[in-house]
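Dumped data-v9.txt below, it's compact mmCIF, C-alpha atoms and all ligand atoms:
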```txt
# COMPACT_ATOMS: atom_id res chain seq x y z
CA MET A 1 -8.64 -13.33 18.41
CA LYS A 2 -8.99 -11.75 14.98
CA VAL A 3 -7.40 -8.88 13.10
CA PHE A 4 -9.54 -6.43 11.12
CA LYS A 5 -8.14 -3.86 8.73
CA PHE A 6 -10.11 -0.83 7.61
CA GLY A 7 -8.63 1.14 4.70
CA GLY A 8 -9.02 4.78 3.77
CA ALA A 9 -12.18 4.20 1.73
CA SER A 10 -13.98 2.67 4.74
CA VAL A 11 -13.35 5.76 6.92
CA LYS A 12 -13.55 8.47 4.30
CA ASP A 13 -16.21 10.44 6.21
CA ALA A 14 -18.23 10.46 9.43
CA GLU A 15 -20.67 7.89 8.01
CA GLY A 16 -17.72 5.58 7.41
CA VAL A 17 -16.63 5.83 11.04
CA LYS A 18 -20.19 5.05 12.17
CA ASN A 19 -20.31 2.15 9.73
CA LEU A 20 -17.04 0.77 11.13
CA ALA A 21 -18.69 0.63 14.55
CA ARG A 22 -21.66 -1.11 12.91
CA VAL A 23 -19.32 -3.75 11.38
CA LEU A 24 -17.87 -4.47 14.84
CA GLN A 25 -21.37 -4.89 16.21
CA ILE A 26 -22.82 -6.98 13.36
CA THR A 27 -19.84 -9.36 13.28
CA GLU A 28 -20.08 -9.66 17.10
CA VAL A 29 -16.32 -9.68 17.30
CA LYS A 30 -15.07 -9.46 20.89
CA ASP A 31 -11.31 -9.90 20.75
CA VAL A 32 -9.85 -8.01 17.84
CA VAL A 33 -6.96 -5.82 16.79
CA VAL A 34 -8.39 -3.15 14.48
CA VAL A 35 -5.79 -1.71 12.10
CA VAL A 36 -6.88 1.57 10.54
CA SER A 37 -5.53 3.66 7.65
CA ALA A 38 -5.66 7.41 7.17
CA MET A 39 -9.13 8.70 6.33
CA GLY A 40 -10.11 8.92 2.65
CA LYS A 41 -7.35 10.51 0.62
CA MET A 42 -5.52 12.03 3.59
CA THR A 43 -2.23 10.28 2.81
CA ASN A 44 -2.26 11.98 -0.59
CA ALA A 45 -3.12 15.27 1.14
CA LEU A 46 -0.10 14.90 3.43
CA GLU A 47 2.11 13.99 0.46
CA GLN A 48 1.04 17.36 -0.91
CA VAL A 49 2.05 19.02 2.37
CA VAL A 50 5.51 17.47 2.07
CA HIS A 51 5.73 18.52 -1.57
CA ASP A 52 4.80 22.12 -0.76
CA TYR A 53 7.11 22.22 2.25
CA PHE A 54 10.06 21.42 -0.03
CA ASN A 55 8.97 23.15 -3.23
CA ASP A 56 6.27 25.74 -2.78
CA LEU A 57 6.14 27.44 0.60
CA SER A 58 3.36 29.77 -0.61
CA ALA A 59 1.00 26.78 -1.01
CA PHE A 60 2.20 25.00 2.11
CA LYS A 61 -0.07 26.73 4.64
CA GLU A 62 -3.11 25.91 2.57
CA SER A 63 -2.27 22.25 2.05
CA LYS A 64 -1.69 21.86 5.79
CA GLN A 65 -4.97 23.61 6.52
CA HIS A 66 -6.81 21.25 4.16
CA PHE A 67 -5.68 18.29 6.28
CA ILE A 68 -6.81 20.00 9.50
CA SER A 69 -10.19 21.18 8.17
CA PHE A 70 -11.03 17.76 6.73
CA HIS A 71 -10.77 16.12 10.14
CA HIS A 72 -12.58 18.96 11.86
CA SER A 73 -15.59 18.53 9.65
CA ILE A 74 -15.64 14.80 10.46
CA LEU A 75 -15.40 15.58 14.18
CA ASN A 76 -18.32 18.00 13.88
CA ASN A 77 -20.40 15.21 12.38
CA LEU A 78 -19.47 12.65 15.02
CA PHE A 79 -19.49 14.52 18.32
CA ALA A 80 -22.22 16.69 19.79
CA THR A 81 -19.98 19.32 21.37
CA THR A 82 -16.61 20.89 20.61
CA SER A 83 -15.74 20.57 24.28
CA HIS A 84 -15.35 16.81 23.78
CA PRO A 85 -11.73 15.80 24.58
CA VAL A 86 -11.28 14.36 21.07
CA TYR A 87 -10.98 17.94 19.74
CA GLU A 88 -8.01 18.61 21.97
CA ALA A 89 -6.41 15.27 21.09
CA VAL A 90 -6.73 15.93 17.34
CA ASN A 91 -5.55 19.55 17.72
CA ASN A 92 -2.52 18.36 19.64
CA LEU A 93 -1.57 16.11 16.74
CA ALA A 94 -1.85 19.06 14.33
CA ILE A 95 0.31 21.18 16.66
CA GLU A 96 2.89 18.38 16.88
CA LEU A 97 3.00 18.19 13.07
CA SER A 98 3.44 21.98 12.77
CA LYS A 99 6.20 21.94 15.36
CA PHE A 100 8.04 19.22 13.51
CA LEU A 101 7.88 21.19 10.26
CA ASP A 102 8.89 24.47 11.94
CA ASN A 103 11.92 22.93 13.63
CA ASN A 104 13.01 20.45 11.00
CA LYS A 105 16.48 20.92 9.56
CA SER A 106 16.68 17.68 7.57
CA LYS A 107 16.70 17.88 3.78
CA ASP A 108 16.13 14.13 3.54
CA HIS A 109 12.85 13.99 1.65
CA ALA A 110 12.01 10.41 2.58
CA PHE A 111 12.67 11.06 6.29
CA VAL A 112 10.49 14.18 6.33
CA TYR A 113 7.84 12.35 4.30
CA ASP A 114 7.45 9.63 6.94
CA GLN A 115 7.38 12.08 9.86
CA VAL A 116 4.60 14.06 8.17
CA VAL A 117 2.51 11.41 6.42
CA SER A 118 2.14 9.41 9.66
CA TYR A 119 -0.27 12.06 10.98
CA GLY A 120 -2.98 10.61 8.71
CA GLU A 121 -3.09 7.35 10.64
CA LEU A 122 -2.38 8.98 14.02
CA THR A 123 -5.40 11.24 13.51
CA SER A 124 -7.81 8.62 12.12
CA THR A 125 -7.18 6.19 14.99
CA THR A 126 -7.54 8.95 17.60
CA ILE A 127 -10.93 9.90 16.16
CA LEU A 128 -12.09 6.30 15.88
CA SER A 129 -11.04 5.36 19.40
CA HIS A 130 -12.84 8.36 20.92
CA TYR A 131 -15.93 7.70 18.81
CA LEU A 132 -16.16 4.06 19.88
CA SER A 133 -15.77 5.05 23.53
CA GLU A 134 -18.45 7.70 23.06
CA ILE A 135 -20.97 5.10 21.84
CA GLY A 136 -20.05 2.71 24.64
CA VAL A 137 -17.62 0.39 22.84
CA ASN A 138 -14.64 -0.10 25.16
CA ASN A 139 -11.35 -0.03 23.35
CA THR A 140 -7.63 0.56 23.80
CA LEU A 141 -5.71 2.83 21.44
CA LEU A 142 -2.12 1.72 20.80
CA ASP A 143 0.62 3.71 19.12
CA VAL A 144 1.90 1.14 16.64
CA ARG A 145 5.31 2.84 16.63
CA ASN A 146 5.96 1.29 20.02
CA PHE A 147 5.49 -2.18 18.52
CA ILE A 148 6.55 -2.36 14.89
CA VAL A 149 10.30 -1.83 14.75
CA THR A 150 11.95 -1.29 11.37
CA ASN A 151 15.19 -0.27 9.74
CA ASP A 152 15.63 3.34 8.62
CA THR A 153 14.71 2.91 4.95
CA TYR A 154 12.14 5.69 5.09
CA ARG A 155 9.06 5.19 2.87
CA GLU A 156 9.78 1.45 2.43
CA ALA A 157 10.93 0.39 5.88
CA MET A 158 11.78 -3.27 6.52
CA VAL A 159 10.37 -4.86 9.65
CA ASP A 160 12.68 -6.24 12.33
CA TRP A 161 10.60 -9.31 12.98
CA ASP A 162 12.35 -10.54 16.13
CA VAL A 163 12.02 -7.31 18.09
CA THR A 164 8.54 -6.63 16.72
CA GLN A 165 7.28 -10.07 17.66
CA GLN A 166 8.74 -9.81 21.13
CA ARG A 167 7.07 -6.44 21.74
CA ILE A 168 3.69 -7.44 20.35
CA VAL A 169 3.59 -10.76 22.20
CA SER A 170 4.59 -9.21 25.51
CA LYS A 171 2.47 -6.05 25.40
CA VAL A 172 -0.57 -6.39 23.14
CA SER A 173 -3.62 -7.89 24.76
CA GLU A 174 -5.45 -10.60 22.84
CA LYS A 175 -8.62 -9.66 24.68
CA GLY A 176 -11.02 -6.85 23.91
CA ILE A 177 -10.87 -4.28 21.13
CA THR A 178 -7.49 -2.75 20.32
CA ILE A 179 -7.24 0.11 17.82
CA THR A 180 -3.96 0.85 16.10
CA GLN A 181 -2.44 2.53 13.06
CA GLY A 182 -1.65 0.74 9.82
CA PHE A 183 1.32 1.64 7.63
CA LEU A 184 3.57 3.03 10.40
CA GLY A 185 6.56 1.78 12.32
CA ALA A 186 9.58 3.28 14.07
CA GLU A 187 13.24 2.71 13.43
CA GLY A 188 15.10 1.04 16.24
CA LYS A 189 17.84 3.58 17.05
CA HIS A 190 16.11 6.93 17.64
CA ASN A 191 12.45 5.88 17.33
CA PHE A 192 11.86 8.10 14.31
CA THR A 193 8.64 7.26 12.52
CA THR A 194 8.91 5.10 9.41
CA THR A 195 6.32 3.88 6.89
CA LEU A 196 6.01 0.46 5.30
CA GLY A 197 5.22 1.63 1.73
CA ARG A 198 2.01 3.02 0.25
CA GLU A 199 -1.04 0.87 0.98
CA GLY A 200 0.98 -0.82 3.72
CA SER A 201 -1.83 -1.12 6.29
CA ASP A 202 -2.72 -4.60 5.01
CA TYR A 203 0.82 -5.61 5.86
CA THR A 204 0.45 -4.17 9.38
CA ALA A 205 -2.62 -6.38 9.85
CA ALA A 206 -0.61 -9.41 8.75
CA ILE A 207 2.22 -8.54 11.17
CA PHE A 208 -0.17 -8.44 14.13
CA ALA A 209 -1.93 -11.62 13.01
CA TYR A 210 1.37 -13.47 12.67
CA CYS A 211 2.72 -12.35 16.04
CA LEU A 212 -0.52 -13.04 17.91
CA ASN A 213 -1.41 -16.28 16.04
CA ALA A 214 -4.72 -14.75 15.05
CA GLU A 215 -7.60 -16.93 13.91
CA SER A 216 -8.00 -14.80 10.74
CA VAL A 217 -7.45 -11.40 9.15
CA THR A 218 -10.31 -9.52 7.48
CA ILE A 219 -9.69 -6.60 5.14
CA TRP A 220 -12.86 -4.50 4.83
CA LYS A 221 -13.34 -3.00 1.39
CA ASP A 222 -15.69 -1.00 -0.82
CA VAL A 223 -15.92 -4.05 -3.12
CA PRO A 224 -17.56 -7.43 -2.35
CA GLY A 225 -14.14 -9.14 -2.21
CA VAL A 226 -11.31 -9.87 -4.60
CA LEU A 227 -12.63 -9.70 -8.15
CA ASN A 228 -10.94 -11.16 -11.22
CA ALA A 229 -10.21 -7.59 -12.41
CA ASP A 230 -10.29 -4.03 -11.10
CA PRO A 231 -13.91 -2.87 -11.51
CA ARG A 232 -12.68 0.67 -12.23
CA HIS A 233 -11.14 -0.56 -15.49
CA PHE A 234 -13.17 -3.63 -16.47
CA ALA A 235 -16.93 -3.55 -17.00
CA GLN A 236 -17.51 -7.24 -16.25
CA THR A 237 -15.97 -8.78 -13.19
CA THR A 238 -16.39 -12.00 -11.22
CA LEU A 239 -16.08 -12.36 -7.45
CA LEU A 240 -13.44 -14.90 -6.46
CA ASN A 241 -14.77 -17.01 -3.56
CA GLN A 242 -11.50 -18.76 -2.79
CA ILE A 243 -7.88 -18.08 -3.73
CA SER A 244 -4.83 -20.08 -2.66
CA TYR A 245 -2.01 -18.19 -0.94
CA ARG A 246 0.21 -18.94 -3.90
CA GLU A 247 -2.22 -17.51 -6.43
CA ALA A 248 -2.96 -14.47 -4.25
CA ILE A 249 0.78 -13.77 -3.91
CA GLU A 250 1.08 -13.89 -7.72
CA LEU A 251 -1.90 -11.54 -8.17
CA ALA A 252 -0.65 -9.07 -5.55
CA PHE A 253 2.89 -9.23 -6.92
CA TYR A 254 1.72 -8.32 -10.41
CA GLY A 255 -0.21 -5.38 -8.97
CA ALA A 256 -3.77 -6.38 -8.08
CA SER A 257 -4.02 -3.39 -5.76
CA VAL A 258 -6.72 -4.98 -3.63
CA ILE A 259 -4.11 -6.71 -1.42
CA HIS A 260 -0.69 -5.31 -0.53
CA PRO A 261 1.92 -7.80 -1.80
CA LYS A 262 3.83 -8.17 1.47
CA THR A 263 0.69 -9.17 3.35
CA LEU A 264 0.42 -12.76 2.26
CA GLN A 265 3.74 -14.32 3.16
CA PRO A 266 3.43 -14.02 6.96
CA LEU A 267 -0.15 -15.29 6.81
CA GLN A 268 0.78 -18.22 4.61
CA ARG A 269 3.58 -19.23 6.98
CA LYS A 270 1.09 -19.73 9.78
CA GLU A 271 -1.82 -20.71 7.53
CA ILE A 272 -3.92 -17.82 8.83
CA PRO A 273 -6.85 -17.23 6.45
CA LEU A 274 -7.30 -13.78 4.93
CA TYR A 275 -10.84 -12.64 4.21
CA VAL A 276 -11.60 -9.71 1.92
CA LYS A 277 -15.14 -8.49 2.56
CA SER A 278 -17.48 -5.61 1.90
CA PHE A 279 -17.81 -3.08 4.70
CA MET A 280 -21.30 -2.33 3.40
CA ASN A 281 -22.43 -5.98 3.59
CA PRO A 282 -20.32 -7.42 6.39
CA LEU A 283 -22.17 -10.72 6.58
CA ASP A 284 -21.62 -11.59 2.91
CA GLN A 285 -19.05 -14.29 2.21
CA GLY A 286 -16.51 -12.20 0.31
CA THR A 287 -13.22 -13.83 -0.64
CA CYS A 288 -11.16 -16.26 1.40
CA VAL A 289 -7.45 -16.51 0.73
CA GLY A 290 -6.13 -19.67 2.30
CA LYS A 291 -5.00 -23.23 1.85
CA GLY A 292 -6.70 -25.14 -0.93
CA VAL A 293 -7.86 -24.62 -4.49
CA THR A 294 -5.98 -22.17 -6.72
CA LEU A 295 -9.07 -20.23 -7.72
CA ASP A 296 -12.78 -20.72 -7.25
CA PRO A 297 -14.30 -20.06 -9.72
CA MET A 298 -11.45 -20.87 -12.09
CA VAL A 299 -11.42 -17.75 -14.28
CA SER A 300 -8.77 -15.55 -15.85
CA CYS A 301 -7.56 -12.62 -13.76
CA PHE A 302 -6.59 -9.26 -15.24
CA ILE A 303 -4.24 -6.70 -13.72
CA LEU A 304 -3.62 -3.36 -15.31
CA LYS A 305 -0.88 -0.88 -14.47
CA LYS A 306 -0.95 2.49 -16.16
CA ASN A 307 1.80 5.11 -16.47
CA GLN A 308 4.66 2.66 -16.78
CA VAL A 309 7.93 3.37 -18.54
CA LEU A 310 9.49 0.95 -21.01
CA ILE A 311 13.26 1.42 -21.26
CA SER A 312 15.23 -0.39 -23.96
CA LEU A 313 18.99 -0.64 -23.81
CA SER A 314 21.57 -1.91 -26.23
CA SER A 315 25.31 -1.93 -25.99
CA LEU A 316 27.07 1.05 -27.56
CA ASP A 317 29.39 -1.18 -29.61
CA PHE A 318 27.01 -4.01 -30.60
CA ASN A 319 28.61 -6.22 -27.99
CA PHE A 320 26.48 -8.79 -26.27
CA MET A 321 24.53 -7.73 -23.21
CA MET A 322 26.56 -9.70 -20.69
CA GLU A 323 25.96 -10.32 -17.01
CA HIS A 324 28.14 -7.43 -15.88
CA HIS A 325 26.13 -5.00 -18.05
CA ILE A 326 22.87 -6.31 -16.68
CA GLY A 327 24.31 -6.21 -13.18
CA ASP A 328 25.01 -2.47 -13.61
CA VAL A 329 21.47 -1.89 -14.89
CA PHE A 330 19.96 -3.52 -11.84
CA LYS A 331 22.26 -1.62 -9.50
CA TRP A 332 21.09 1.69 -11.00
CA LEU A 333 17.43 0.66 -11.00
CA HIS A 334 17.84 -0.06 -7.31
CA THR A 335 19.68 3.23 -6.66
CA TYR A 336 16.85 5.20 -8.28
CA LYS A 337 14.17 3.12 -6.52
CA MET A 338 12.55 2.02 -9.78
CA LYS A 339 10.08 -0.79 -9.35
CA VAL A 340 10.81 -3.38 -12.02
CA GLU A 341 7.65 -4.86 -13.51
CA LEU A 342 9.02 -6.86 -16.42
CA ILE A 343 12.36 -7.61 -18.06
CA GLN A 344 13.25 -9.08 -21.42
CA ASN A 345 16.65 -9.54 -22.95
CA SER A 346 18.15 -10.66 -26.23
CA ALA A 347 21.74 -10.93 -27.41
CA ILE A 348 22.32 -7.21 -27.82
CA SER A 349 19.37 -5.56 -26.13
CA PHE A 350 17.65 -5.45 -22.79
CA SER A 351 14.16 -4.05 -22.09
CA VAL A 352 12.73 -3.25 -18.72
CA CYS A 353 9.28 -1.97 -17.82
CA VAL A 354 9.36 0.10 -14.64
CA ASP A 355 7.07 2.07 -12.38
CA ASN A 356 8.52 5.58 -11.98
CA LYS A 357 7.05 5.86 -8.47
CA TYR A 358 9.62 8.28 -7.10
CA ASN A 359 10.05 10.48 -10.19
CA THR A 360 13.62 9.42 -10.75
CA LEU A 361 13.43 8.67 -14.48
CA GLU A 362 15.63 11.59 -15.59
CA PRO A 363 18.66 10.81 -13.41
CA LEU A 364 18.31 7.10 -14.19
CA LEU A 365 18.29 7.77 -17.95
CA ALA A 366 21.35 9.99 -17.58
CA LYS A 367 23.18 7.18 -15.83
CA LEU A 368 22.09 4.57 -18.38
CA ARG A 369 23.15 6.79 -21.29
CA SER A 370 26.70 6.76 -19.95
CA ALA A 371 26.91 3.04 -20.73
CA PHE A 372 24.24 2.12 -23.28
CA LYS A 373 22.24 3.23 -26.25
CA VAL A 374 18.94 4.09 -24.62
CA SER A 375 15.40 4.49 -25.92
CA TRP A 376 12.26 4.73 -23.85
CA ASN A 377 8.48 5.08 -23.95
CA GLU A 378 6.60 6.83 -21.17
CA ASN A 379 2.91 6.33 -20.37
CA VAL A 380 2.71 2.74 -21.46
CA THR A 381 0.29 0.28 -19.89
CA LEU A 382 1.20 -3.12 -18.54
CA TYR A 383 -1.45 -5.84 -18.62
CA THR A 384 -0.86 -9.01 -16.67
CA ILE A 385 -3.28 -11.87 -17.26
CA ARG A 386 -3.28 -14.99 -15.16
CA HIS A 387 -4.71 -18.13 -16.77
CA ALA A 388 -5.44 -16.32 -20.03
CA SER A 389 -6.85 -17.76 -23.23
CA PRO A 390 -5.48 -16.59 -26.64
CA LYS A 391 -8.88 -15.07 -27.37
CA GLN A 392 -8.69 -12.86 -24.28
CA VAL A 393 -5.17 -11.71 -25.17
CA LYS A 394 -6.39 -10.78 -28.64
CA ALA A 395 -9.33 -8.84 -27.18
CA ILE A 396 -7.03 -6.78 -24.96
CA LEU A 397 -4.70 -5.96 -27.83
CA LYS A 398 -7.49 -4.60 -30.01
CA ASP A 399 -6.75 -0.96 -30.99
CA LYS A 400 -3.50 -0.94 -29.03
CA THR A 401 0.14 -1.08 -30.09
CA LEU A 402 1.97 -4.03 -28.60
CA LEU A 403 5.49 -3.15 -27.45
CA VAL A 404 6.50 -6.25 -25.48
CA LYS A 405 4.82 -9.60 -24.90
CA GLN A 406 6.01 -12.13 -22.41
CA GLU A 407 4.51 -15.47 -21.62
CA SER A 408 5.34 -17.84 -18.82
CA ARG A 409 3.41 -20.64 -17.20
CA GLY A 410 0.08 -19.23 -16.10
CA THR A 411 0.96 -15.60 -16.88
CA VAL A 412 0.89 -13.41 -19.98
CA GLN A 413 2.25 -9.87 -19.76
CA LEU A 414 1.67 -7.22 -22.41
CA VAL A 415 3.27 -3.80 -22.53
CA VAL A 416 1.10 -1.66 -24.78
CA LYS A 417 0.62 1.89 -25.94
CA GLU A 418 -3.10 2.70 -25.69
P1 LIG B 501 -8.52 0.73 0.90
O1 LIG B 501 -9.46 1.76 1.33
O2 LIG B 501 -8.67 -0.53 1.66
O3 LIG B 501 -7.11 1.18 0.83
P2 LIG B 501 -8.38 0.75 -1.95
O4 LIG B 501 -9.18 1.88 -2.50
O5 LIG B 501 -6.89 0.85 -1.92
O6 LIG B 501 -8.97 0.35 -0.55
O7 LIG B 501 -8.75 -0.58 -2.71
C1 LIG B 501 -10.06 -0.88 -3.05
C2 LIG B 501 -10.19 -0.74 -4.53
O8 LIG B 501 -9.32 -1.67 -5.16
C3 LIG B 501 -11.53 -1.10 -5.07
O9 LIG B 501 -12.44 -0.04 -5.01
C4 LIG B 501 -11.21 -1.51 -6.51
O10 LIG B 501 -11.46 -0.45 -7.40
C5 LIG B 501 -9.72 -1.76 -6.49
N1 LIG B 501 -9.33 -3.04 -7.03
C6 LIG B 501 -8.25 -3.25 -7.83
N2 LIG B 501 -8.13 -4.51 -8.18
C7 LIG B 501 -9.17 -5.16 -7.62
C8 LIG B 501 -9.59 -6.52 -7.62
N3 LIG B 501 -8.93 -7.46 -8.28
N4 LIG B 501 -10.70 -6.85 -6.89
C9 LIG B 501 -11.36 -5.91 -6.20
N5 LIG B 501 -11.02 -4.60 -6.17
C10 LIG B 501 -9.94 -4.23 -6.86
N1 LIG B 502 -2.65 5.44 4.34
C1 LIG B 502 -1.63 4.72 3.60
C2 LIG B 502 -1.83 4.91 2.12
O1 LIG B 502 -2.81 5.51 1.70
C3 LIG B 502 -1.58 3.27 3.96
C4 LIG B 502 -2.79 2.46 3.62
O2 LIG B 502 -3.86 3.04 3.41
O3 LIG B 502 -2.71 1.24 3.58
O4 LIG B 502 -1.00 4.48 1.37
MG MG B 503 -5.73 2.12 0.17
```

Please re-express this file's structure in structure tokens.
Amino acid sequence: MKVFKFGGASVKDAEGVKNLARVLQITEVKDVVVVVSAMGKMTNALEQVVHDYFNDLSAFKESKQHFISFHHSILNNLFATTSHPVYEAVNNLAIELSKFLDNNKSKDHAFVYDQVVSYGELTSTTILSHYLSEIGVNNTLLDVRNFIVTNDTYREAMVDWDVTQQRIVSKVSEKGITITQGFLGAEGKHNFTTTLGREGSDYTAAIFAYCLNAESVTIWKDVPGVLNADPRHFAQTTLLNQISYREAIELAFYGASVIHPKTLQPLQRKEIPLYVKSFMNPLDQGTCVGKGVTLDPMVSCFILKKNQVLISLSSLDFNFMMEHHIGDVFKWLHTYKMKVELIQNSAISFSVCVDNKYNTLEPLLAKLRSAFKVSWNENVTLYTIRHASPKQVKAILKDKTLLVKQESRGTVQLVVKE
């Protein structure tokens, strides 16, 4: 059996849903678990709902309505009559969401976030399953929350592999077409919904593939495969035909957003190949991540992360930055959920480039100021280049101010102000 993953871009409208069915037909796949994300930008739309729920009740009704109307217009384009049972199924999900928000007493933002944001995937898979049935493609819709068990770290939940594997192996059929949600899980005690981190549907696909010993995983994308740079930021890109697991892990770790970083380790452990292919041209080769050559063709790869923060610390009394100081820094970075992208230290200073994903810069800076002299730059860009030549590094630095450069085997990282 195989695992397919369709991201938000592949199901951003009714045409996307029809195209997904076309991909299943063209690839002639019979036994497959199909992992699906929320449609288009619906996860962002639900993040807005959560934001308004906590901060701006006057806008809240409208943001919730946007989510509902978006799916209704897709339904109207997919089904001939509003008496089709899919309308009731989708309405019921919207009612469930409203009930949760009406009754909720929790002030825990991350908990509420996961309960709300999950409706993106719950709705997309309900629509897809009904649509496939409607056109005569038999399928089973599974609620992934009955299978993927996690801890209660809402928004970044960690998978309990033993329980998850046991549930998937005993209850998920390897035959036929199974549709399920990416990104979601449930914590083991009360079954509250959790999420695996933004863009986590790739990881869901890897979890199913690992547990079911799948023949392969295919991630269907709006690009021909993994390119050596993000085409949104680089005019010239090259398609990578083959990438080793090791190299792909490095690329994903440094932020090549085409593959979620947690996806590769479970696949590598069982040597399950990962294909990244175009949902518009499903029979094209795309990229294969697997055992074998590091990169084919052997080219430099560029990863760009915007809106980073560079924080520089030095000791208040010109003392050396010793382990216990650095230990405190890491403890606080962890407390404020800062994603560390790069660190550099010297005798009396310590610099760290972080992604302020959860808007916690202010409280972190306050904490750091209690122990260090602190300076920082917001809105810096981090370039990571794998297998770079000096000429390429020079070209990137043109017209930019270099703040930090770090070089290790195979990787150059540049923190710059554009
Ligand atoms: P999904 O719908 O599967 O979540 P995303 O929109 O998250 O898809 O990811 C696809 C996008 O990733 C592409 O449109 C492309 O702009 C971007 N991207 C970033 N880095 C790369 C890369 N190295 N190769 C291909 N695409 C990349
Ligand atoms: N829908 C989630 C997100 O947009 C998960 C995913 O698409 O992988 O982050
Ligand atoms: Mg995505």

Hey, which residues sit close to ligand LIG 501 (chain B)? Say within 9 Å, counting all atoms listed in the file, and write them as an MDAnalysis selection string.
chainID A and resid 5:12 37:40 199:202 219:233 237:240 251:252 255:260 276 301:304

Put those residues in a file: C-alpha atoms, as a tab-separated table (two decimals), keeping the file's coordinate frame.
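Saved result, out27.tsv, follows:
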```tsv
chain	number	residue	atom	x	y	z
A	5	LYS	CA	-8.14	-3.86	8.73
A	6	PHE	CA	-10.11	-0.83	7.61
A	7	GLY	CA	-8.63	1.14	4.70
A	8	GLY	CA	-9.02	4.78	3.77
A	9	ALA	CA	-12.18	4.20	1.73
A	10	SER	CA	-13.98	2.67	4.74
A	11	VAL	CA	-13.35	5.76	6.92
A	12	LYS	CA	-13.55	8.47	4.30
A	37	SER	CA	-5.53	3.66	7.65
A	38	ALA	CA	-5.66	7.41	7.17
A	39	MET	CA	-9.13	8.70	6.33
A	40	GLY	CA	-10.11	8.92	2.65
A	199	GLU	CA	-1.04	0.87	0.98
A	200	GLY	CA	0.98	-0.82	3.72
A	201	SER	CA	-1.83	-1.12	6.29
A	202	ASP	CA	-2.72	-4.60	5.01
A	219	ILE	CA	-9.69	-6.60	5.14
A	220	TRP	CA	-12.86	-4.50	4.83
A	221	LYS	CA	-13.34	-3.00	1.39
A	222	ASP	CA	-15.69	-1.00	-0.82
A	223	VAL	CA	-15.92	-4.05	-3.12
A	224	PRO	CA	-17.56	-7.43	-2.35
A	225	GLY	CA	-14.14	-9.14	-2.21
A	226	VAL	CA	-11.31	-9.87	-4.60
A	227	LEU	CA	-12.63	-9.70	-8.15
A	228	ASN	CA	-10.94	-11.16	-11.22
A	229	ALA	CA	-10.21	-7.59	-12.41
A	230	ASP	CA	-10.29	-4.03	-11.10
A	231	PRO	CA	-13.91	-2.87	-11.51
A	232	ARG	CA	-12.68	0.67	-12.23
A	233	HIS	CA	-11.14	-0.56	-15.49
A	237	THR	CA	-15.97	-8.78	-13.19
A	238	THR	CA	-16.39	-12.00	-11.22
A	239	LEU	CA	-16.08	-12.36	-7.45
A	240	LEU	CA	-13.44	-14.90	-6.46
A	251	LEU	CA	-1.90	-11.54	-8.17
A	252	ALA	CA	-0.65	-9.07	-5.55
A	255	GLY	CA	-0.21	-5.38	-8.97
A	256	ALA	CA	-3.77	-6.38	-8.08
A	257	SER	CA	-4.02	-3.39	-5.76
A	258	VAL	CA	-6.72	-4.98	-3.63
A	259	ILE	CA	-4.11	-6.71	-1.42
A	260	HIS	CA	-0.69	-5.31	-0.53
A	276	VAL	CA	-11.60	-9.71	1.92
A	301	CYS	CA	-7.56	-12.62	-13.76
A	302	PHE	CA	-6.59	-9.26	-15.24
A	303	ILE	CA	-4.24	-6.70	-13.72
A	304	LEU	CA	-3.62	-3.36	-15.31
```

Nearest-residue call for Thr204 of chain A, choices A:Asn241, A:Asn92, A:Ser58, A:Thr180, using all atoms listed in the file
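The closest residue to Thr204 of chain A is A:Thr180.
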
Can you pull out every residue within 12 Å of Gln65 of chain A, counting all atoms listed in the file, but drop anything in the same chain fewer than 6 positions away, and send it as a PyMOL selection string?
chain A and resi 42+45-46+48-49+59+71-72+91+94-95+97-98

Could you state the separation of atom CA of Lys305 of chain A and atom CA of Phe208 of chain A in Å, given to one decimal place?
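Here the two named atoms are 29.6 Å from each other.
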
Considering all atoms listed in the file, can you say which of A:Asn379, A:Thr411, A:Gln181, A:Thr164 comes closest to Ser124 of chain A?
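Of A:Asn379, A:Thr411, A:Gln181, A:Thr164, the one nearest Ser124 of chain A is A:Gln181, counting all atoms listed in the file.
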
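Within the 9 Å cut-off around Asp152 of chain A, using all atoms listed in the file and omitting residues fewer than 4 positions from it on the same chain, the listed residues are Phe111, Glu156, Ala157, Met158, Ala186, Glu187, Gly188, Lys189, Phe192, Thr193 and Thr194 of chain A.
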
Identify which of the residues A:Val90, A:Val32, A:Leu128, A:Ile168 lies closest to Val17 of chain A, counting only C-alpha atoms when measuring atom-to-atom distances.
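Nearest candidate to Val17 of chain A out of A:Val90, A:Val32, A:Leu128, A:Ile168: A:Leu128.
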
Rank A:Lys30, A:Lys64, A:Arg369, A:Lys41 by their smallest atom-to-atom distance to Met1 of chain A, using all atoms listed in the file, and report the top residue only.
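Among the listed residues, A:Lys30 lies closest to Met1 of chain A.
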
Of the candidates A:Leu403, A:Leu24, A:Ile385, A:Leu196, which one gets nearest to ligand LIG 502 (chain B) if we count only C-alpha atoms and all ligand atoms?
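Of A:Leu403, A:Leu24, A:Ile385, A:Leu196, the one nearest ligand LIG 502 (chain B) is A:Leu196, counting only C-alpha atoms and all ligand atoms.
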
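Across the structure, atom CA of Met280 of chain A and atom CA of Val23 of chain A are spaced 8.3 Å apart.
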
Is it possible to get the axis-aligned box enclosing ligand LIG 502 (chain B) (all listed atoms, 8 Å extra per side) as JSON, with centre and edge lengths in Å rounded to one decimal?
```
{"center_x": -2.4, "center_y": 3.4, "center_z": 2.9, "size_x": 18.9, "size_y": 20.3, "size_z": 19.0}
```
